[in-house]
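A.B. asks: Can you keep this structure in mind? I'll have questions shortly.
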Amino acid sequence: MSLVLGGCIKAPPVAFGLTADTGGHITYALGAAQALVARDDVTSVEIVTRLIDDPILGAVYAQPYEPIEERLAIRRIDTGTHSYLSKEASAADRPAFTAALLQYIAAIDERPDVIHAHFADAAEVAAAVRRRFGIPFIYTAHSLGIDKAASCGMTGGALDARIAHEGRAIIDADAIIASSRDEAERQLMLYPGASPERIHCVPPGAALDSGTPDTAAAAALVAPFLRDLAKPMLLAIARPVHKKNLGALVDLYAGDSRLRARCNLVIVAGLRDGPDSGDTEQRAVVGGLIERLDRHDLYGSLALPKRHAAGDVAGLYALAAASGGVFVNPALTEPYGLTLTEAATHGLPVVATMHGGPADIVARLGHGVVADPNDPERFAASIRNLIDDRAAWQAASTNGVVRSQALGWPAYAARFVDIARGVIERARRPMAAIRRPVFDDLLLSDIDHTLTGCTQSAVALCDLLRTRLALGFGVATGRSVQEALRLLAEWDYPDPDLLITSVGSEIYWRTGLTLVSDDDFAKHIAEGWRPRAVASALESLSDLEPQPPVDQRRFKLSYFAANETVASRVRARLEAAGVAARVIYSHGHLLDVLPMRAGKGAAMTWAASRLNLPLERVHAAGDSGNDLDMLQACPNAIVVANHEDALAPLRATGSAYFARRPHAGGVVEGLLHRFEGKSR
């Protein structure tokens with residue numbers, strides 16, 4: 001158990017807190033904290049953890065106060081119990097930790113303005129601090145229990161208690177940070193009380209400036225196990241727990257003659273003194289690996305180092321990359337997968353589980369492939385293909401090095417500061433109702449390929465929005481609210497006054513620095529919506545494949561469609577089944593099924609009504625088929641030059657302005673045409 005309390009964001013003053021355990025998540029907290037104190041608008045950060053006096057861990061854990069650098073320190077709270085504690089014993093010690101922390105906060109001159117809690121046990125402590133001092137807290141969930149139970153088939157006892165703790169943390173937290181889309185949009189939403197507007201997807205940073213990796217030390221670590229160190233290395237680094245599926249990786253490797261002949265397998269599974277060291281789960285996992293080493297006779301090709309230093313990890317990534325190898329994550333489910341980002345920074349391509357966060361990371365970085373570890377033959381084939389195709393390997397390696405630069409801790413810190421400002425404002429000025437924005441006109445624009453696609457024109461549109469204060473800014477997108485906010489931040493757009501998301505099935509209003517869901521709209525479109533009936537009617541339809549669970553929403557079922565004719569067959573199938581629903585086809589392969597009352601056009605009309613704004617004062621912009629109903633309903637539609645053919649019929653209406661410029665440049669052109677009677 002550990003907490004981080006911190007200094008302030010300047011104007012207004014804001015203090016920070018991060019929460020972690022004494023192991024890997026202290027490292028996580030330090031990475032975030034160091035990025036925070038490097039900012040001009042943050043004065044200090046303090047990581048607070050439990051004081052431990054144990055010779056095995058070292059004297060530093062018994063230091064009450066440990067300065068790390070200017071404005072950053074670790075403070076250790078004395079609970080009266082100084083030994084290292086298991087998870088169960090740590091829970092029993094939590095009331096003492098909470099009481100000591102409350103006493104500490106009461107005595108300091110400048111109390112923190114926000115606390116960041118990692119894991120649900122820390123959220124419980126943070127909630128106690130808020131009750132006593134009114135300090136809001138941000139909760140970062142890790143390795144959520146519901147998903148673990150589903151993927152590993154575990155139930156009862158400690159896991160049920162953990163899920164209950166997580167549920168309370170999700171309800172109590174002022175904001176929630178998730179590491180991946182899957183965590184933000186699927187895993188967290190499995191908990192009652194989760195609300196999308198309080199969930200923010202903020203990928204953690206990676207250690208990008210680790211200096212020159214010591215590949216010699218890494219080679220010395222694995223050389224005693226391997227006959228031919230020159231072979232490509234398949235590297236796996238993971239905690240020795242069942243869900244990491246390391247035993248199955250050994251079986252997969254041993255059962256594939258080409259991989260076994262071509263590559264070495266190196267598995268770094270925590271630290272151990274022997275097979276009998278560690279807790280029950282670690283002993284079972286490590287014992288299983290050693291048993292497989294012997295059963296499959298993998299001596300000379302499988303390395304299982306017992307201990308390693310922190311610097312050895314970077315060396316192993318670099319050594320694997322130099323050998324032309326691959327980083328492998330075969331987990332049954334992976335909430336995020338920070339090792340995949342670390343591998344990318346060293347130019348090491350990856351083959352990772354398709355379950356959880358890795359799909360998001362690999363899609364963003366383009367440094368490998370995802371596959372299903374429950375299908376060992378295909379998973380092995382994915383590894384072989386990347387090893388054998390040197391052009392694909394090199395492209396993945398280059399992508400990882402270049403694109404991972406955007407996932408450093410500074411980017412995380414910037415997002416964290418924005419989220420913190422919002423929760424602090426809400427804590428200081430509670431708002432029971434939505435405050436509607438007031439403006440003369442509203443721009444409501446699609447995001448992908450309309451607001452994005454050209455940096456220069458995006459800057460021009462931002463300039464126009466900044467100078468025309470009477471022009472409100474909203475977005476209407478097929479993306480989720482979390483993904484919409486992430487993409488707008490990446491393109492430096494201002495915070496929108498409202499967001500219509502998930503193809504017009506959700507509406508969110510900005511109230512100060514926070515978002516509030518339009519529950520009245522949700523109730524309005526819920527009438528007659530039967531998602532199970534939709535799924536059942538379309539289950540056997542050919543050329544139609546459900547999109548991943550992360551892309552499904554309460555009022556949106558999403559599919560991949562082979563071609564446009566599939567949309568007609570979907571409509572016919574639903575009509576034959578007596579199911580009322582809207583079918584929207586776009587981007588050449590995406591098909592969404594919505595309630596009859598939903599859609600971008602319906603959501604635009606609803607929002608304009610709530611703003612008391614005539615539709616004649618709304619300027620809707622888009623480029624694709626899922627914008628069609630919105631553009632048809634808007635008297636001031638703007639169609640950017642890079643539009644899909646599906647929007648061509650709008651030319652006949654005479655109400656849509658077809659811009660000569662693509663992307664945001666076309667939006668600017670259309671707005672100037674409306675406002676000033678000219679384009680440029």
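Going through the structure tokens in order, the chains are called A, B, and so on, while each chain numbers its residues from 1 and the ligands are numbered from 1 in the order shown.
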Among stretch 380-570 of chain A, which ones does DSSP place in strand (DSSP E or B), written as a PyMOL selection string?

C.D. replies: chain A and resi 408+441-445+471-476+498-501+506-511+514-517+544-546+553+556-561

A.B. asks: Using DSSP on the backbone, list every residue of stretch 274-452 of chain A that comes out as helix (DSSP H, G or I), and give them as number ranges by chain.

C.D. replies: A: 280-295, 310-322, 338-345, 358-365, 376-388, 390-407, 409-428

A.B. asks: What separation in Å, quoted to one decimal, exists between atom CA of A:Ala533 and atom CA of A:Pro549?

C.D. replies: 17.3 Å

A.B. asks: For the atom pair atom CA of A:Ala230 and atom CA of A:Gly325, what is the interatomic distance in Å to one decimal place?

C.D. replies: 10.2 Å

A.B. asks: For A:Ser505, list every protein, DNA or RNA residue within 12 Å, evaluated using only C-alpha atoms, and leave out those in the same chain fewer than 3 positions away; present the list as number ranges by chain.

C.D. replies: A: 476-481, 499-502, 508, 517-526, 529, 552-557, 582, 592-604, 606

A.B. asks: Hey, which bits of stretch 140-240 of chain A sit within 10 Å of stretch 311-324 of chain A, and for each residue what's the closest pair of atoms and how far apart in Å (one decimal), counting only C-alpha atoms, rows by chain and increasing number, as a Markdown table?

C.D. replies:
```
| residue | atom | partner | partner_atom | distance |
| --- | --- | --- | --- | --- |
| A:Ala207 | CA | A:Ala314 | CA | 9.4 |
| A:Ser210 | CA | A:Ala314 | CA | 7.7 |
| A:Gly211 | CA | A:Ala314 | CA | 9.2 |
| A:Thr212 | CA | A:Gly315 | CA | 8.4 |
| A:Pro213 | CA | A:Gly315 | CA | 4.6 |
| A:Asp214 | CA | A:Gly315 | CA | 4.8 |
| A:Thr215 | CA | A:Gly315 | CA | 4.5 |
| A:Ala216 | CA | A:Gly315 | CA | 7.6 |
| A:Ala217 | CA | A:Asp312 | CA | 6.6 |
| A:Ala218 | CA | A:Gly315 | CA | 5.2 |
| A:Ala219 | CA | A:Leu319 | CA | 7.2 |
| A:Ala220 | CA | A:Asp312 | CA | 9.9 |
| A:Leu221 | CA | A:Asp312 | CA | 8.2 |
| A:Val222 | CA | A:Leu316 | CA | 9.1 |
| A:Leu229 | CA | A:Ser323 | CA | 8.5 |
| A:Ala230 | CA | A:Ser323 | CA | 6.4 |
| A:Lys231 | CA | A:Ser323 | CA | 6.4 |
| A:Pro232 | CA | A:Ser323 | CA | 4.7 |
| A:Met233 | CA | A:Ala320 | CA | 5.1 |
| A:Leu234 | CA | A:Ala320 | CA | 7.1 |
| A:Leu235 | CA | A:Ala320 | CA | 6.8 |
| A:Ala236 | CA | A:Tyr317 | CA | 9.7 |
| A:Ile237 | CA | A:Val313 | CA | 8.5 |
```

A.B. asks: Next, the residues of the selection above should be written as a PDB file, in the first residue's frame with N, CA, C and O atoms.

C.D. replies:
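Final output, saved to out_24.pdb:
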```pdb
ATOM      1  N   ALA A 207       9.819   3.965 -20.216  1.00  0.00           N
ATOM      2  CA  ALA A 207      11.126   4.566 -19.934  1.00  0.00           C
ATOM      3  C   ALA A 207      11.875   4.736 -21.253  1.00  0.00           C
ATOM      4  O   ALA A 207      12.563   3.833 -21.725  1.00  0.00           O
ATOM      5  N   SER A 210      16.541   5.499 -21.262  1.00  0.00           N
ATOM      6  CA  SER A 210      17.229   4.571 -20.366  1.00  0.00           C
ATOM      7  C   SER A 210      18.718   4.470 -20.645  1.00  0.00           C
ATOM      8  O   SER A 210      19.405   3.642 -20.051  1.00  0.00           O
ATOM      9  N   GLY A 211      19.241   5.303 -21.556  1.00  0.00           N
ATOM     10  CA  GLY A 211      20.659   5.232 -21.883  1.00  0.00           C
ATOM     11  C   GLY A 211      20.940   4.046 -22.795  1.00  0.00           C
ATOM     12  O   GLY A 211      20.048   3.448 -23.382  1.00  0.00           O
ATOM     13  N   THR A 212      22.204   3.695 -22.904  1.00  0.00           N
ATOM     14  CA  THR A 212      22.602   2.576 -23.752  1.00  0.00           C
ATOM     15  C   THR A 212      22.410   1.268 -23.004  1.00  0.00           C
ATOM     16  O   THR A 212      23.023   1.050 -21.957  1.00  0.00           O
ATOM     17  N   PRO A 213      21.563   0.386 -23.517  1.00  0.00           N
ATOM     18  CA  PRO A 213      21.320  -0.876 -22.813  1.00  0.00           C
ATOM     19  C   PRO A 213      22.592  -1.719 -22.737  1.00  0.00           C
ATOM     20  O   PRO A 213      23.399  -1.745 -23.676  1.00  0.00           O
ATOM     21  N   ASP A 214      22.750  -2.421 -21.637  1.00  0.00           N
ATOM     22  CA  ASP A 214      23.922  -3.269 -21.430  1.00  0.00           C
ATOM     23  C   ASP A 214      23.608  -4.665 -21.960  1.00  0.00           C
ATOM     24  O   ASP A 214      23.175  -5.551 -21.219  1.00  0.00           O
ATOM     25  N   THR A 215      23.836  -4.859 -23.257  1.00  0.00           N
ATOM     26  CA  THR A 215      23.539  -6.160 -23.854  1.00  0.00           C
ATOM     27  C   THR A 215      24.522  -7.224 -23.400  1.00  0.00           C
ATOM     28  O   THR A 215      24.181  -8.418 -23.385  1.00  0.00           O
ATOM     29  N   ALA A 216      25.736  -6.814 -23.015  1.00  0.00           N
ATOM     30  CA  ALA A 216      26.717  -7.795 -22.537  1.00  0.00           C
ATOM     31  C   ALA A 216      26.240  -8.436 -21.241  1.00  0.00           C
ATOM     32  O   ALA A 216      26.334  -9.663 -21.056  1.00  0.00           O
ATOM     33  N   ALA A 217      25.723  -7.613 -20.325  1.00  0.00           N
ATOM     34  CA  ALA A 217      25.210  -8.152 -19.066  1.00  0.00           C
ATOM     35  C   ALA A 217      24.000  -9.036 -19.318  1.00  0.00           C
ATOM     36  O   ALA A 217      23.827 -10.081 -18.661  1.00  0.00           O
ATOM     37  N   ALA A 218      23.150  -8.631 -20.261  1.00  0.00           N
ATOM     38  CA  ALA A 218      21.978  -9.443 -20.588  1.00  0.00           C
ATOM     39  C   ALA A 218      22.397 -10.786 -21.183  1.00  0.00           C
ATOM     40  O   ALA A 218      21.822 -11.838 -20.853  1.00  0.00           O
ATOM     41  N   ALA A 219      23.396 -10.756 -22.043  1.00  0.00           N
ATOM     42  CA  ALA A 219      23.888 -12.002 -22.636  1.00  0.00           C
ATOM     43  C   ALA A 219      24.470 -12.922 -21.573  1.00  0.00           C
ATOM     44  O   ALA A 219      24.253 -14.147 -21.597  1.00  0.00           O
ATOM     45  N   ALA A 220      25.182 -12.335 -20.623  1.00  0.00           N
ATOM     46  CA  ALA A 220      25.751 -13.138 -19.540  1.00  0.00           C
ATOM     47  C   ALA A 220      24.662 -13.768 -18.680  1.00  0.00           C
ATOM     48  O   ALA A 220      24.844 -14.849 -18.110  1.00  0.00           O
ATOM     49  N   LEU A 221      23.504 -13.115 -18.613  1.00  0.00           N
ATOM     50  CA  LEU A 221      22.392 -13.612 -17.804  1.00  0.00           C
ATOM     51  C   LEU A 221      21.790 -14.880 -18.406  1.00  0.00           C
ATOM     52  O   LEU A 221      21.384 -15.800 -17.676  1.00  0.00           O
ATOM     53  N   VAL A 222      21.704 -14.936 -19.751  1.00  0.00           N
ATOM     54  CA  VAL A 222      21.025 -16.064 -20.399  1.00  0.00           C
ATOM     55  C   VAL A 222      21.987 -17.079 -21.008  1.00  0.00           C
ATOM     56  O   VAL A 222      21.579 -18.212 -21.300  1.00  0.00           O
ATOM     57  N   LEU A 229      23.729 -18.735 -28.745  1.00  0.00           N
ATOM     58  CA  LEU A 229      23.200 -17.423 -28.386  1.00  0.00           C
ATOM     59  C   LEU A 229      22.864 -16.578 -29.614  1.00  0.00           C
ATOM     60  O   LEU A 229      22.177 -15.561 -29.497  1.00  0.00           O
ATOM     61  N   ALA A 230      23.333 -16.990 -30.804  1.00  0.00           N
ATOM     62  CA  ALA A 230      23.113 -16.193 -32.014  1.00  0.00           C
ATOM     63  C   ALA A 230      21.710 -16.382 -32.592  1.00  0.00           C
ATOM     64  O   ALA A 230      21.283 -15.607 -33.454  1.00  0.00           O
ATOM     65  N   LYS A 231      20.976 -17.381 -32.140  1.00  0.00           N
ATOM     66  CA  LYS A 231      19.630 -17.604 -32.669  1.00  0.00           C
ATOM     67  C   LYS A 231      18.700 -16.448 -32.286  1.00  0.00           C
ATOM     68  O   LYS A 231      18.883 -15.828 -31.234  1.00  0.00           O
ATOM     69  N   PRO A 232      17.683 -16.186 -33.112  1.00  0.00           N
ATOM     70  CA  PRO A 232      16.688 -15.181 -32.714  1.00  0.00           C
ATOM     71  C   PRO A 232      16.062 -15.543 -31.367  1.00  0.00           C
ATOM     72  O   PRO A 232      15.760 -16.711 -31.110  1.00  0.00           O
ATOM     73  N   MET A 233      15.892 -14.521 -30.528  1.00  0.00           N
ATOM     74  CA  MET A 233      15.391 -14.740 -29.175  1.00  0.00           C
ATOM     75  C   MET A 233      13.901 -14.425 -29.109  1.00  0.00           C
ATOM     76  O   MET A 233      13.471 -13.339 -29.496  1.00  0.00           O
ATOM     77  N   LEU A 234      13.123 -15.378 -28.608  1.00  0.00           N
ATOM     78  CA  LEU A 234      11.731 -15.128 -28.246  1.00  0.00           C
ATOM     79  C   LEU A 234      11.739 -14.770 -26.766  1.00  0.00           C
ATOM     80  O   LEU A 234      12.041 -15.619 -25.918  1.00  0.00           O
ATOM     81  N   LEU A 235      11.429 -13.532 -26.454  1.00  0.00           N
ATOM     82  CA  LEU A 235      11.555 -13.014 -25.092  1.00  0.00           C
ATOM     83  C   LEU A 235      10.177 -12.790 -24.478  1.00  0.00           C
ATOM     84  O   LEU A 235       9.304 -12.166 -25.092  1.00  0.00           O
ATOM     85  N   ALA A 236       9.990 -13.291 -23.264  1.00  0.00           N
ATOM     86  CA  ALA A 236       8.778 -13.027 -22.496  1.00  0.00           C
ATOM     87  C   ALA A 236       9.186 -12.539 -21.119  1.00  0.00           C
ATOM     88  O   ALA A 236      10.037 -13.147 -20.462  1.00  0.00           O
ATOM     89  N   ILE A 237       8.600 -11.424 -20.684  1.00  0.00           N
ATOM     90  CA  ILE A 237       8.850 -10.864 -19.351  1.00  0.00           C
ATOM     91  C   ILE A 237       7.500 -10.660 -18.686  1.00  0.00           C
ATOM     92  O   ILE A 237       6.670  -9.897 -19.179  1.00  0.00           O
TER      93      ILE A 237
END
```

A.B. asks: From the list A:Ile146, A:Ile419, A:Ala310, A:Ala173, which residue is nearest A:Leu485 when using only C-alpha atoms?

C.D. replies: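 Result for the nearest residue to A:Leu485: A:Ile419.
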
A.B. asks: So that I can check the surroundings of A:Val125, please list as a PyMOL selection string every protein, DNA and RNA residue that reaches within 9 Å of it, counting only C-alpha atoms and ignoring chain neighbours fewer than 2 positions away.

C.D. replies: chain A and resi 3+94-95+97-98+101+117+120-123+127-130

A.B. asks: Let's have the selection written as a compact mmCIF listing (two decimals), in the first residue's frame, with all heavy atoms.

C.D. replies:
```txt
# COMPACT_ATOMS: atom_id res chain seq x y z
N LEU A 3 0.86 5.70 -1.03
CA LEU A 3 0.17 6.88 -1.53
C LEU A 3 1.19 7.92 -1.92
O LEU A 3 2.27 7.98 -1.35
CB LEU A 3 -0.73 7.49 -0.45
CG LEU A 3 -1.96 6.69 -0.01
CD1 LEU A 3 -2.55 7.34 1.21
CD2 LEU A 3 -2.97 6.65 -1.13
N ARG A 94 -4.65 -2.22 6.77
CA ARG A 94 -5.11 -1.01 6.08
C ARG A 94 -5.75 0.01 7.02
O ARG A 94 -5.50 1.22 6.86
CB ARG A 94 -6.07 -1.38 4.96
CG ARG A 94 -6.29 -0.25 3.94
CD ARG A 94 -7.19 -0.72 2.82
NE ARG A 94 -6.66 -1.93 2.24
CZ ARG A 94 -7.40 -2.95 1.80
NH1 ARG A 94 -8.71 -2.88 1.86
NH2 ARG A 94 -6.84 -4.02 1.29
N PRO A 95 -6.57 -0.39 7.99
CA PRO A 95 -7.12 0.62 8.90
C PRO A 95 -6.05 1.41 9.64
O PRO A 95 -6.19 2.63 9.83
CB PRO A 95 -7.98 -0.21 9.86
CG PRO A 95 -8.37 -1.41 9.08
CD PRO A 95 -7.17 -1.72 8.22
N PHE A 97 -3.00 1.96 8.50
CA PHE A 97 -2.39 2.84 7.50
C PHE A 97 -3.27 4.07 7.28
O PHE A 97 -2.79 5.20 7.23
CB PHE A 97 -2.21 2.08 6.19
CG PHE A 97 -1.56 2.88 5.10
CD1 PHE A 97 -0.19 2.87 4.93
CD2 PHE A 97 -2.31 3.66 4.23
CE1 PHE A 97 0.42 3.61 3.92
CE2 PHE A 97 -1.73 4.40 3.23
CZ PHE A 97 -0.34 4.37 3.08
N THR A 98 -4.57 3.85 7.15
CA THR A 98 -5.51 4.95 6.92
C THR A 98 -5.48 5.94 8.07
O THR A 98 -5.42 7.17 7.85
CB THR A 98 -6.93 4.40 6.73
OG1 THR A 98 -6.94 3.46 5.65
CG2 THR A 98 -7.91 5.52 6.42
N LEU A 101 -2.27 7.91 8.01
CA LEU A 101 -2.25 8.88 6.91
C LEU A 101 -3.13 10.08 7.23
O LEU A 101 -2.74 11.23 6.97
CB LEU A 101 -2.72 8.20 5.63
CG LEU A 101 -2.80 9.12 4.40
CD1 LEU A 101 -1.43 9.63 4.00
CD2 LEU A 101 -3.47 8.41 3.23
N ALA A 117 -5.12 7.20 -6.72
CA ALA A 117 -5.09 5.89 -6.08
C ALA A 117 -4.96 4.78 -7.11
O ALA A 117 -5.81 4.63 -7.98
CB ALA A 117 -6.36 5.69 -5.26
N ALA A 120 -7.76 -0.91 -5.93
CA ALA A 120 -8.96 -0.61 -5.16
C ALA A 120 -8.67 -0.44 -3.68
O ALA A 120 -9.38 0.32 -2.99
CB ALA A 120 -9.99 -1.73 -5.36
N ASP A 121 -7.65 -1.11 -3.13
CA ASP A 121 -7.35 -0.93 -1.71
C ASP A 121 -6.89 0.50 -1.44
O ASP A 121 -7.26 1.11 -0.43
CB ASP A 121 -6.33 -1.95 -1.22
CG ASP A 121 -5.04 -1.94 -2.01
OD1 ASP A 121 -4.98 -1.25 -3.06
OD2 ASP A 121 -4.09 -2.63 -1.59
N ALA A 122 -6.10 1.04 -2.35
CA ALA A 122 -5.68 2.43 -2.21
C ALA A 122 -6.85 3.38 -2.38
O ALA A 122 -6.92 4.42 -1.71
CB ALA A 122 -4.60 2.75 -3.24
N ALA A 123 -7.79 3.03 -3.27
CA ALA A 123 -8.99 3.87 -3.44
C ALA A 123 -9.80 3.92 -2.15
O ALA A 123 -10.41 4.94 -1.82
CB ALA A 123 -9.83 3.33 -4.59
N ALA A 127 -10.73 7.33 -0.37
CA ALA A 127 -12.11 7.70 -0.04
C ALA A 127 -12.23 8.15 1.40
O ALA A 127 -12.98 9.09 1.71
CB ALA A 127 -13.03 6.51 -0.31
N ALA A 128 -11.46 7.52 2.29
CA ALA A 128 -11.47 7.94 3.70
C ALA A 128 -10.88 9.34 3.85
O ALA A 128 -11.36 10.16 4.64
CB ALA A 128 -10.68 6.94 4.55
N VAL A 129 -9.85 9.64 3.08
CA VAL A 129 -9.25 10.97 3.10
C VAL A 129 -10.26 12.00 2.60
O VAL A 129 -10.39 13.10 3.17
CB VAL A 129 -7.96 11.01 2.25
CG1 VAL A 129 -7.43 12.44 2.14
CG2 VAL A 129 -6.90 10.09 2.84
N ARG A 130 -11.00 11.66 1.56
CA ARG A 130 -11.98 12.61 1.03
C ARG A 130 -13.08 12.88 2.05
O ARG A 130 -13.53 14.02 2.20
CB ARG A 130 -12.57 12.10 -0.28
CG ARG A 130 -13.50 13.12 -0.95
CD ARG A 130 -14.03 12.64 -2.27
NE ARG A 130 -14.82 11.44 -2.11
CZ ARG A 130 -15.29 10.71 -3.14
NH1 ARG A 130 -15.01 11.08 -4.38
NH2 ARG A 130 -16.01 9.63 -2.93
```

A.B. asks: Measuring between only C-alpha atoms, which one of A:Leu51, A:Val583, A:Leu72, A:Ile56 shows the shortest distance to A:Ala96?

C.D. replies: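 Once distances to A:Ala96 are computed over only C-alpha atoms, the minimum belongs to A:Leu51.
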
A.B. asks: Within 10 Å of stretch 457-470 of chain A, counting only C-alpha atoms, which residues show up once you throw out same-chain ones fewer than 4 positions away? Write them as a PyMOL selection string, please.

C.D. replies: chain A and resi 438-443+450-453+491-494+661-669+671-672

A.B. asks: Figure out the distance between atom CA of A:Gly588 and atom CA of A:Ala646, please, to one decimal in Å.

C.D. replies: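 The value is 9.9 Å.
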